[in-house]
file query18.cif (mmCIF, C-alpha atoms; chains and numbers go by the auth columns)
data_model
loop_
_atom_site.group_PDB
_atom_site.id
_atom_site.type_symbol
_atom_site.label_atom_id
_atom_site.label_comp_id
_atom_site.label_asym_id
_atom_site.label_seq_id
_atom_site.Cartn_x
_atom_site.Cartn_y
_atom_site.Cartn_z
_atom_site.B_iso_or_equiv
_atom_site.auth_seq_id
_atom_site.auth_asym_id
ATOM 1 C CA PHE A 1 124.078 162.145 172.632 0.00 1091 A
ATOM 2 C CA LEU A 2 122.689 165.652 172.568 0.00 1092 A
ATOM 3 C CA LEU A 3 124.006 166.306 176.072 0.00 1093 A
ATOM 4 C CA ARG A 4 127.445 164.972 175.104 0.00 1094 A
ATOM 5 C CA GLY A 5 127.425 167.124 171.977 0.00 1095 A
ATOM 6 C CA VAL A 6 126.634 170.267 173.986 0.00 1096 A
ATOM 7 C CA GLN A 7 129.386 169.415 176.526 0.00 1097 A
ATOM 8 C CA GLN A 8 131.850 168.901 173.693 0.00 1098 A
ATOM 9 C CA ALA A 9 130.873 172.193 172.030 0.00 1099 A
ATOM 10 C CA PHE A 10 131.549 174.173 175.232 0.00 1100 A
ATOM 11 C CA ASP A 11 134.728 172.387 176.253 0.00 1101 A
ATOM 12 C CA MET A 12 136.911 171.841 173.192 0.00 1102 A
ATOM 13 C CA SER A 13 139.963 170.979 175.303 0.00 1103 A
ATOM 14 C CA ARG A 14 138.625 167.509 176.105 0.00 1104 A
ATOM 15 C CA PRO A 15 138.995 164.771 173.516 0.00 1105 A
ATOM 16 C CA LEU A 16 135.902 163.770 171.589 0.00 1106 A
ATOM 17 C CA GLU A 17 134.045 161.705 174.179 0.00 1107 A
ATOM 18 C CA PHE A 18 131.717 159.876 171.885 0.00 1108 A
ATOM 19 C CA GLN A 19 134.402 157.346 171.016 0.00 1109 A
ATOM 20 C CA SER A 20 136.081 157.059 174.374 0.00 1110 A
ATOM 21 C CA ALA A 21 135.290 154.190 176.710 0.00 1111 A
ATOM 22 C CA THR A 22 134.034 156.208 179.651 0.00 1112 A
ATOM 23 C CA ALA A 23 131.508 155.080 182.233 0.00 1113 A
ATOM 24 C CA GLY A 24 128.814 157.380 180.805 0.00 1114 A
ATOM 25 C CA ASN A 25 129.171 156.442 177.152 0.00 1115 A
ATOM 26 C CA ALA A 26 128.315 152.724 177.442 0.00 1116 A
ATOM 27 C CA PRO A 27 124.866 153.231 179.059 0.00 1117 A
ATOM 28 C CA MET A 28 124.202 156.092 176.660 0.00 1118 A
ATOM 29 C CA LEU A 29 125.028 153.873 173.682 0.00 1119 A
ATOM 30 C CA VAL A 30 122.895 150.993 174.996 0.00 1120 A
ATOM 31 C CA GLY A 31 120.054 153.406 175.784 0.00 1121 A
ATOM 32 C CA SER A 32 120.135 154.918 172.328 0.00 1122 A
ATOM 33 C CA LEU A 33 120.155 151.476 170.690 0.00 1123 A
ATOM 34 C CA VAL A 34 117.229 150.296 172.820 0.00 1124 A
ATOM 35 C CA GLY A 35 115.391 153.557 172.129 0.00 1125 A
ATOM 36 C CA ALA A 36 115.940 153.201 168.390 0.00 1126 A
ATOM 37 C CA ALA A 37 114.744 149.603 168.480 0.00 1127 A
ATOM 38 C CA LEU A 38 111.620 150.565 170.454 0.00 1128 A
ATOM 39 C CA PHE A 39 110.904 153.433 168.068 0.00 1129 A
ATOM 40 C CA ASN A 40 111.231 151.133 165.049 0.00 1130 A
ATOM 41 C CA PHE A 41 109.081 148.463 166.689 0.00 1131 A
ATOM 42 C CA GLY A 42 106.416 151.044 167.524 0.00 1132 A
ATOM 43 C CA PHE A 43 106.501 152.511 164.025 0.00 1133 A
ATOM 44 C CA LEU A 44 106.194 149.078 162.402 0.00 1134 A
ATOM 45 C CA SER A 45 103.372 148.130 164.783 0.00 1135 A
ATOM 46 C CA LEU A 46 101.473 151.283 163.865 0.00 1136 A
ATOM 47 C CA LEU A 47 102.049 150.642 160.182 0.00 1137 A
ATOM 48 C CA ILE A 48 100.856 147.033 160.447 0.00 1138 A
ATOM 49 C CA MET A 49 97.758 148.071 162.418 0.00 1139 A
ATOM 50 C CA ARG A 50 96.871 150.594 159.708 0.00 1140 A
ATOM 51 C CA LEU A 51 97.388 148.017 156.970 0.00 1141 A
ATOM 52 C CA VAL A 52 95.234 145.456 158.779 0.00 1142 A
ATOM 53 C CA GLN A 53 92.507 148.070 159.238 0.00 1143 A
ATOM 54 C CA ARG A 54 92.697 148.954 155.531 0.00 1144 A
ATOM 55 C CA LEU A 55 92.548 145.275 154.531 0.00 1145 A
ATOM 56 C CA ARG A 56 89.549 144.755 156.803 0.00 1146 A
ATOM 57 C CA GLU A 57 87.804 147.696 155.167 0.00 1147 A
ATOM 58 C CA LEU A 58 88.656 146.466 151.670 0.00 1148 A
ATOM 59 C CA SER A 59 87.363 142.986 152.500 0.00 1149 A
ATOM 60 C CA GLN A 60 83.998 144.468 153.523 0.00 1150 A
ATOM 61 C CA ARG A 61 83.451 146.893 150.634 0.00 1151 A
ATOM 62 C CA ASP A 62 82.352 146.399 147.069 0.00 1152 A
ATOM 63 C CA PRO A 63 85.161 147.873 144.963 0.00 1153 A
ATOM 64 C CA LEU A 64 82.871 149.282 142.259 0.00 1154 A
ATOM 65 C CA THR A 65 80.188 151.011 144.334 0.00 1155 A
ATOM 66 C CA GLY A 66 81.943 151.469 147.668 0.00 1156 A
ATOM 67 C CA LEU A 67 78.937 149.914 149.417 0.00 1157 A
ATOM 68 C CA LEU A 68 79.248 147.163 151.982 0.00 1158 A
ATOM 69 C CA ASN A 69 79.481 143.678 150.497 0.00 1159 A
ATOM 70 C CA ARG A 70 77.609 140.505 151.466 0.00 1160 A
ATOM 71 C CA ARG A 71 80.104 139.557 154.187 0.00 1161 A
ATOM 72 C CA ALA A 72 79.760 142.927 155.905 0.00 1162 A
ATOM 73 C CA LEU A 73 75.977 142.839 155.483 0.00 1163 A
ATOM 74 C CA ASP A 74 75.857 139.448 157.197 0.00 1164 A
ATOM 75 C CA LEU A 75 77.693 140.937 160.179 0.00 1165 A
ATOM 76 C CA GLU A 76 75.321 143.917 160.289 0.00 1166 A
ATOM 77 C CA LEU A 77 72.275 141.639 160.068 0.00 1167 A
ATOM 78 C CA GLU A 78 73.595 139.502 162.894 0.00 1168 A
ATOM 79 C CA ARG A 79 74.216 142.586 165.027 0.00 1169 A
ATOM 80 C CA GLU A 80 70.737 143.936 164.295 0.00 1170 A
ATOM 81 C CA TRP A 81 69.148 140.561 165.068 0.00 1171 A
ATOM 82 C CA ARG A 82 70.910 140.482 168.442 0.00 1172 A
ATOM 83 C CA ARG A 83 69.646 143.994 169.162 0.00 1173 A
ATOM 84 C CA PHE A 84 66.115 142.903 168.229 0.00 1174 A
ATOM 85 C CA SER A 85 66.374 139.826 170.481 0.00 1175 A
ATOM 86 C CA ARG A 86 67.609 141.921 173.391 0.00 1176 A
ATOM 87 C CA SER A 87 65.424 144.988 173.206 0.00 1177 A
ATOM 88 C CA GLY A 88 62.753 144.320 170.602 0.00 1178 A
ATOM 89 C CA THR A 89 63.999 147.161 168.367 0.00 1179 A
ATOM 90 C CA SER A 90 62.476 146.469 164.976 0.00 1180 A
ATOM 91 C CA PHE A 91 64.250 146.563 161.651 0.00 1181 A
ATOM 92 C CA ALA A 92 63.446 145.894 158.014 0.00 1182 A
ATOM 93 C CA VAL A 93 65.367 144.441 155.115 0.00 1183 A
ATOM 94 C CA LEU A 94 64.684 145.712 151.604 0.00 1184 A
ATOM 95 C CA ALA A 95 65.960 143.794 148.597 0.00 1185 A
ATOM 96 C CA VAL A 96 66.543 145.844 145.451 0.00 1186 A
ATOM 97 C CA ASP A 97 67.126 144.262 142.069 0.00 1187 A
ATOM 98 C CA ILE A 98 67.648 146.216 138.841 0.00 1188 A
ATOM 99 C CA ASP A 99 65.186 145.041 136.203 0.00 1189 A
ATOM 100 C CA HIS A 100 66.588 144.125 132.788 0.00 1190 A
ATOM 101 C CA PHE A 101 70.184 144.701 133.889 0.00 1191 A
ATOM 102 C CA LYS A 102 71.475 141.962 131.574 0.00 1192 A
ATOM 103 C CA ARG A 103 69.969 143.840 128.652 0.00 1193 A
ATOM 104 C CA ILE A 104 71.871 146.987 129.701 0.00 1194 A
ATOM 105 C CA ASN A 105 75.150 145.061 129.761 0.00 1195 A
ATOM 106 C CA ASP A 106 74.390 143.288 126.468 0.00 1196 A
ATOM 107 C CA THR A 107 73.295 146.356 124.502 0.00 1197 A
ATOM 108 C CA LEU A 108 75.312 149.188 126.030 0.00 1198 A
ATOM 109 C CA GLY A 109 78.335 147.273 127.321 0.00 1199 A
ATOM 110 C CA HIS A 110 79.782 146.474 130.711 0.00 1200 A
ATOM 111 C CA ALA A 111 81.128 149.979 131.257 0.00 1201 A
ATOM 112 C CA ALA A 112 77.572 151.309 130.979 0.00 1202 A
ATOM 113 C CA GLY A 113 76.399 148.556 133.302 0.00 1203 A
ATOM 114 C CA ASP A 114 79.026 149.567 135.835 0.00 1204 A
ATOM 115 C CA SER A 115 77.894 153.165 135.505 0.00 1205 A
ATOM 116 C CA VAL A 116 74.314 152.098 136.205 0.00 1206 A
ATOM 117 C CA LEU A 117 75.403 150.144 139.282 0.00 1207 A
ATOM 118 C CA VAL A 118 77.317 153.144 140.622 0.00 1208 A
ATOM 119 C CA GLY A 119 74.326 155.404 139.943 0.00 1209 A
ATOM 120 C CA VAL A 120 71.923 153.074 141.696 0.00 1210 A
ATOM 121 C CA ALA A 121 74.299 152.793 144.638 0.00 1211 A
ATOM 122 C CA GLN A 122 74.382 156.592 144.899 0.00 1212 A
ATOM 123 C CA GLN A 123 70.584 156.752 144.796 0.00 1213 A
ATOM 124 C CA LEU A 124 70.287 154.109 147.497 0.00 1214 A
ATOM 125 C CA ARG A 125 72.754 155.967 149.717 0.00 1215 A
ATOM 126 C CA ALA A 126 70.810 159.185 149.166 0.00 1216 A
ATOM 127 C CA CYS A 127 67.542 157.490 150.162 0.00 1217 A
ATOM 128 C CA ALA A 128 68.989 155.812 153.244 0.00 1218 A
ATOM 129 C CA ARG A 129 69.295 157.383 156.654 0.00 1219 A
ATOM 130 C CA GLU A 130 72.657 157.533 158.425 0.00 1220 A
ATOM 131 C CA THR A 131 71.655 154.606 160.626 0.00 1221 A
ATOM 132 C CA ASP A 132 70.654 152.418 157.682 0.00 1222 A
ATOM 133 C CA VAL A 133 72.980 149.975 155.988 0.00 1223 A
ATOM 134 C CA VAL A 134 73.233 149.802 152.193 0.00 1224 A
ATOM 135 C CA ALA A 135 75.014 146.836 150.617 0.00 1225 A
ATOM 136 C CA ARG A 136 75.600 145.294 147.223 0.00 1226 A
ATOM 137 C CA THR A 137 75.072 141.568 147.538 0.00 1227 A
ATOM 138 C CA GLY A 138 75.412 140.422 143.957 0.00 1228 A
ATOM 139 C CA GLY A 139 75.653 141.578 140.369 0.00 1229 A
ATOM 140 C CA GLU A 140 72.670 143.943 140.298 0.00 1230 A
ATOM 141 C CA GLU A 141 71.300 143.081 143.718 0.00 1231 A
ATOM 142 C CA PHE A 142 71.322 145.469 146.657 0.00 1232 A
ATOM 143 C CA VAL A 143 70.020 145.266 150.209 0.00 1233 A
ATOM 144 C CA LEU A 144 68.999 148.023 152.579 0.00 1234 A
ATOM 145 C CA LEU A 145 68.897 147.273 156.294 0.00 1235 A
ATOM 146 C CA LEU A 146 66.586 149.820 157.882 0.00 1236 A
ATOM 147 C CA THR A 147 66.992 150.116 161.634 0.00 1237 A
ATOM 148 C CA GLY A 148 64.220 151.049 164.030 0.00 1238 A
ATOM 149 C CA VAL A 149 61.336 150.991 161.534 0.00 1239 A
ATOM 150 C CA GLN A 150 57.925 149.351 161.648 0.00 1240 A
ATOM 151 C CA ALA A 151 56.193 147.756 158.659 0.00 1241 A
ATOM 152 C CA ARG A 152 54.565 151.009 157.526 0.00 1242 A
ATOM 153 C CA GLY A 153 57.849 152.927 157.631 0.00 1243 A
ATOM 154 C CA ALA A 154 59.564 150.136 155.718 0.00 1244 A
ATOM 155 C CA ALA A 155 56.853 150.201 153.026 0.00 1245 A
ATOM 156 C CA GLU A 156 57.227 153.989 152.688 0.00 1246 A
ATOM 157 C CA ALA A 157 60.995 153.664 152.462 0.00 1247 A
ATOM 158 C CA ALA A 158 60.652 150.935 149.828 0.00 1248 A
ATOM 159 C CA GLN A 159 58.404 153.208 147.767 0.00 1249 A
ATOM 160 C CA ARG A 160 60.914 156.107 148.031 0.00 1250 A
ATOM 161 C CA VAL A 161 63.751 153.806 146.993 0.00 1251 A
ATOM 162 C CA ARG A 162 61.765 152.442 144.044 0.00 1252 A
ATOM 163 C CA GLN A 163 60.911 155.945 142.830 0.00 1253 A
ATOM 164 C CA ALA A 164 64.503 157.185 143.226 0.00 1254 A
ATOM 165 C CA VAL A 165 65.957 154.237 141.322 0.00 1255 A
ATOM 166 C CA ALA A 166 63.305 154.547 138.605 0.00 1256 A
ATOM 167 C CA ALA A 167 64.079 158.263 138.248 0.00 1257 A
ATOM 168 C CA ALA A 168 67.780 157.473 137.960 0.00 1258 A
ATOM 169 C CA ALA A 169 67.016 154.883 135.266 0.00 1259 A
ATOM 170 C CA THR A 170 65.342 157.497 133.077 0.00 1260 A
ATOM 171 C CA LEU A 171 68.535 159.574 133.215 0.00 1261 A
ATOM 172 C CA ILE A 172 70.361 156.875 131.253 0.00 1262 A
ATOM 173 C CA GLY A 173 67.741 156.639 128.535 0.00 1263 A
ATOM 174 C CA GLY A 174 65.140 154.543 130.278 0.00 1264 A
ATOM 175 C CA ALA A 175 67.430 151.514 130.438 0.00 1265 A
#
call {"tool": "encode", "arguments": {"input": "query18.cif", "output": "structure tokens"}}
result
Amino acid sequence: FLLRGVQQAFDMSRPLEFQSATAGNAPMLVGSLVGAALFNFGFLSLLIMRLVQRLRELSQRDPLTGLLNRRALDLELEREWRRFSRSGTSFAVLAVDIDHFKRINDTLGHAAGDSVLVGVAQQLRACARETDVVARTGGEEFVLLLTGVQARGAAEAAQRVRQAVAAAATLIGGA
């Protein structure tokens, strides 16, 4: 169409060729229709792929803390177990539970409880290495999957996590 438009602009004596039934217009029309259809199909495919990726991410994340959820943790544990079976690379699993969390919700309210959960999640992320996995598996229950650590390293990491979470608890009044 661009080529036809340029030809028309330079030769005004010819009738407007876009509407005439010439041998060149039919393939150009079919080509432009096919091109438009392919463009639309490609655009919709890209859009659907992005939406599926976003849904996959949302289905694996806890909406409150942004941490992985139990489903995603199960996949990570399975992957780590396969790695251990193949190469013997060790890993550790730390379970973290907030003491007296029900009391926080009952006395301070659910908004305060949510704030505590978000704070603990931030502390756990700060304590974890980039290769570690941090997940929220239940109400006030969290799991850290530590990759490539032996028992001593896991015990040290558990102590760091306990101290960080305890320090964060004092920031909200010792709750």
call {"tool": "atom_distance", "arguments": {"input": "query18.cif", "atom1": "CA of Glu1231 in chain A", "atom2": "CA of Trp1171 in chain A"}}
result
21.6 Å
call {"tool": "atom_distance", "arguments": {"input": "query18.cif", "atom1": "CA of Val1186 in chain A", "atom2": "CA of Gly1203 in chain A"}}
result
15.9 Å
call {"tool": "closest_atom_pairs", "arguments": {"input": "query18.cif", "of": "range 1152-1197 of chain A", "to": "range 1236-1256 of chain A", "cutoff": "12 Å", "atoms": "all atoms listed in the file", "output": "tab-separated table"}}
result
residue	atom	partner	partner_atom	distance
A:Leu1163	CA	A:Leu1236	CA	11.9
A:Glu1166	CA	A:Thr1237	CA	10.5
A:Leu1167	CA	A:Thr1237	CA	10.1
A:Arg1169	CA	A:Thr1237	CA	11.0
A:Glu1170	CA	A:Thr1237	CA	7.7
A:Trp1171	CA	A:Thr1237	CA	10.4
A:Arg1173	CA	A:Thr1237	CA	10.1
A:Phe1174	CA	A:Gly1238	CA	9.4
A:Ser1177	CA	A:Gly1238	CA	11.1
A:Gly1178	CA	A:Gly1238	CA	9.5
A:Thr1179	CA	A:Gly1238	CA	5.8
A:Ser1180	CA	A:Gly1238	CA	5.0
A:Phe1181	CA	A:Thr1237	CA	4.5
A:Ala1182	CA	A:Leu1236	CA	5.0
A:Val1183	CA	A:Leu1236	CA	6.2
A:Leu1184	CA	A:Ala1248	CA	6.8
A:Ala1185	CA	A:Ala1248	CA	9.0
A:Val1186	CA	A:Arg1252	CA	8.3
A:Asp1187	CA	A:Arg1252	CA	10.0
A:Ile1188	CA	A:Val1255	CA	8.6
A:Asp1189	CA	A:Ala1256	CA	10.0
call {"tool": "write_last_selection", "arguments": {"input": "query18.cif", "atoms": "C-alpha atoms", "output": "mmCIF file, keeping the file's coordinate frame"}}
result
data_model
loop_
_atom_site.group_PDB
_atom_site.id
_atom_site.type_symbol
_atom_site.label_atom_id
_atom_site.label_comp_id
_atom_site.auth_asym_id
_atom_site.auth_seq_id
_atom_site.Cartn_x
_atom_site.Cartn_y
_atom_site.Cartn_z
ATOM 1 C CA LEU A 1163 75.977 142.839 155.483
ATOM 2 C CA GLU A 1166 75.321 143.917 160.289
ATOM 3 C CA LEU A 1167 72.275 141.639 160.068
ATOM 4 C CA ARG A 1169 74.216 142.586 165.027
ATOM 5 C CA GLU A 1170 70.737 143.936 164.295
ATOM 6 C CA TRP A 1171 69.148 140.561 165.068
ATOM 7 C CA ARG A 1173 69.646 143.994 169.162
ATOM 8 C CA PHE A 1174 66.115 142.903 168.229
ATOM 9 C CA SER A 1177 65.424 144.988 173.206
ATOM 10 C CA GLY A 1178 62.753 144.320 170.602
ATOM 11 C CA THR A 1179 63.999 147.161 168.367
ATOM 12 C CA SER A 1180 62.476 146.469 164.976
ATOM 13 C CA PHE A 1181 64.250 146.563 161.651
ATOM 14 C CA ALA A 1182 63.446 145.894 158.014
ATOM 15 C CA VAL A 1183 65.367 144.441 155.115
ATOM 16 C CA LEU A 1184 64.684 145.712 151.604
ATOM 17 C CA ALA A 1185 65.960 143.794 148.597
ATOM 18 C CA VAL A 1186 66.543 145.844 145.451
ATOM 19 C CA ASP A 1187 67.126 144.262 142.069
ATOM 20 C CA ILE A 1188 67.648 146.216 138.841
ATOM 21 C CA ASP A 1189 65.186 145.041 136.203
#
call {"tool": "residues_around", "arguments": {"input": "query18.cif", "residues": "range 1132-1146 of chain A", "least_positions_apart": "4", "cutoff": "12 Å", "atoms": "only C-alpha atoms", "output": "list in words"}}
result
Gly1125, Ala1126, Ala1127, Leu1128, Gln1150, Arg1151, Leu1158, Asn1159, Arg1161 and Ala1162 of chain A
call {"tool": "residues_around", "arguments": {"input": "query18.cif", "residues": "Pro1153 in chain A", "least_positions_apart": "5", "cutoff": "12 Å", "atoms": "all atoms listed in the file", "output": "list of chain:residue names"}}
result
A:Glu1147, A:Leu1148, A:Leu1158, A:Asn1159, A:Asp1204, A:Leu1207, A:Val1208, A:Ala1211, A:Ala1225, A:Arg1226
call {"tool": "residues_near_point", "arguments": {"input": "query18.cif", "point": "(75.1, 143.4, 130.3)", "cutoff": "12 Å", "atoms": "all atoms listed in the file", "output": "list in words"}}
result
Ile1188, Asp1189, His1190, Phe1191, Lys1192, Arg1193, Ile1194, Asn1195, Asp1196, Thr1197, Leu1198, Gly1199, His1200, Ala1201, Ala1202, Gly1203, Asp1204, Ser1205, Val1206, Leu1207, Gly1229, Glu1230 and Ala1265 of chain A
call {"tool": "closest_residue", "arguments": {"input": "query18.cif", "among": "A:Asp1152, A:Ala1257, A:Leu1234, A:Pro1117", "to": "Asp1222 in chain A", "atoms": "only C-alpha atoms"}}
result
A:Leu1234
call {"tool": "decode", "arguments": {"input": "query18.cif", "residues": "range 1155-1180 of chain A", "atoms": "N, CA, C and O atoms", "output": "tab-separated table (two decimals), in the first residue's frame"}}
result
chain	number	residue	atom	x	y	z
A	1155	THR	N	2.90	-11.96	51.66
A	1155	THR	CA	4.34	-11.78	51.90
A	1155	THR	C	5.16	-11.74	50.62
A	1155	THR	O	6.30	-11.29	50.64
A	1156	GLY	N	4.61	-12.25	49.53
A	1156	GLY	CA	5.37	-12.33	48.29
A	1156	GLY	C	6.32	-13.51	48.25
A	1156	GLY	O	7.03	-13.72	47.26
A	1157	LEU	N	6.36	-14.31	49.31
A	1157	LEU	CA	7.21	-15.50	49.34
A	1157	LEU	C	6.57	-16.62	48.51
A	1157	LEU	O	5.38	-16.55	48.17
A	1158	LEU	N	7.37	-17.63	48.21
A	1158	LEU	CA	6.80	-18.80	47.55
A	1158	LEU	C	5.77	-19.44	48.47
A	1158	LEU	O	5.88	-19.35	49.70
A	1159	ASN	N	4.79	-20.12	47.90
A	1159	ASN	CA	3.80	-20.82	48.70
A	1159	ASN	C	4.16	-22.31	48.78
A	1159	ASN	O	5.19	-22.75	48.28
A	1160	ARG	N	3.30	-23.09	49.41
A	1160	ARG	CA	3.58	-24.52	49.62
A	1160	ARG	C	3.75	-25.27	48.29
A	1160	ARG	O	4.62	-26.11	48.16
A	1161	ARG	N	2.93	-24.96	47.32
A	1161	ARG	CA	3.01	-25.64	46.02
A	1161	ARG	C	4.38	-25.41	45.38
A	1161	ARG	O	5.03	-26.34	44.91
A	1162	ALA	N	4.83	-24.16	45.37
A	1162	ALA	CA	6.13	-23.85	44.79
A	1162	ALA	C	7.26	-24.47	45.62
A	1162	ALA	O	8.26	-24.94	45.06
A	1163	LEU	N	7.11	-24.49	46.93
A	1163	LEU	CA	8.12	-25.11	47.79
A	1163	LEU	C	8.23	-26.60	47.49
A	1163	LEU	O	9.34	-27.14	47.44
A	1164	ASP	N	7.09	-27.26	47.30
A	1164	ASP	CA	7.13	-28.69	46.96
A	1164	ASP	C	7.93	-28.93	45.69
A	1164	ASP	O	8.72	-29.88	45.61
A	1165	LEU	N	7.75	-28.08	44.69
A	1165	LEU	CA	8.53	-28.21	43.45
A	1165	LEU	C	10.02	-28.00	43.70
A	1165	LEU	O	10.86	-28.72	43.15
A	1166	GLU	N	10.35	-27.01	44.50
A	1166	GLU	CA	11.76	-26.73	44.82
A	1166	GLU	C	12.38	-27.89	45.62
A	1166	GLU	O	13.52	-28.27	45.38
A	1167	LEU	N	11.62	-28.43	46.56
A	1167	LEU	CA	12.12	-29.57	47.33
A	1167	LEU	C	12.36	-30.79	46.44
A	1167	LEU	O	13.37	-31.49	46.58
A	1168	GLU	N	11.45	-31.02	45.53
A	1168	GLU	CA	11.61	-32.13	44.59
A	1168	GLU	C	12.85	-31.93	43.72
A	1168	GLU	O	13.63	-32.87	43.52
A	1169	ARG	N	13.05	-30.73	43.24
A	1169	ARG	CA	14.21	-30.42	42.42
A	1169	ARG	C	15.50	-30.61	43.21
A	1169	ARG	O	16.47	-31.19	42.73
A	1170	GLU	N	15.50	-30.14	44.46
A	1170	GLU	CA	16.69	-30.27	45.30
A	1170	GLU	C	16.96	-31.73	45.65
A	1170	GLU	O	18.11	-32.16	45.72
A	1171	TRP	N	15.91	-32.50	45.87
A	1171	TRP	CA	16.08	-33.92	46.16
A	1171	TRP	C	16.68	-34.65	44.96
A	1171	TRP	O	17.55	-35.52	45.12
A	1172	ARG	N	16.24	-34.31	43.77
A	1172	ARG	CA	16.81	-34.92	42.56
A	1172	ARG	C	18.29	-34.56	42.43
A	1172	ARG	O	19.11	-35.40	42.07
A	1173	ARG	N	18.63	-33.31	42.73
A	1173	ARG	CA	20.03	-32.89	42.68
A	1173	ARG	C	20.85	-33.68	43.70
A	1173	ARG	O	21.96	-34.12	43.42
A	1174	PHE	N	20.30	-33.85	44.90
A	1174	PHE	CA	20.99	-34.63	45.93
A	1174	PHE	C	21.19	-36.07	45.48
A	1174	PHE	O	22.27	-36.64	45.64
A	1175	SER	N	20.16	-36.67	44.89
A	1175	SER	CA	20.25	-38.06	44.43
A	1175	SER	C	21.28	-38.23	43.32
A	1175	SER	O	21.97	-39.25	43.26
A	1176	ARG	N	21.38	-37.23	42.46
A	1176	ARG	CA	22.33	-37.28	41.35
A	1176	ARG	C	23.76	-37.04	41.78
A	1176	ARG	O	24.66	-37.78	41.44
A	1177	SER	N	23.97	-35.96	42.53
A	1177	SER	CA	25.34	-35.53	42.79
A	1177	SER	C	25.74	-35.54	44.25
A	1177	SER	O	26.89	-35.28	44.57
A	1178	GLY	N	24.80	-35.81	45.13
A	1178	GLY	CA	25.13	-35.82	46.56
A	1178	GLY	C	25.24	-34.44	47.18
A	1178	GLY	O	25.70	-34.31	48.32
A	1179	THR	N	24.81	-33.40	46.46
A	1179	THR	CA	24.84	-32.04	47.00
A	1179	THR	C	23.84	-31.94	48.15
A	1179	THR	O	22.65	-32.18	47.97
A	1180	SER	N	24.35	-31.58	49.31
A	1180	SER	CA	23.50	-31.57	50.50
A	1180	SER	C	22.60	-30.32	50.52
A	1180	SER	O	22.86	-29.34	49.84
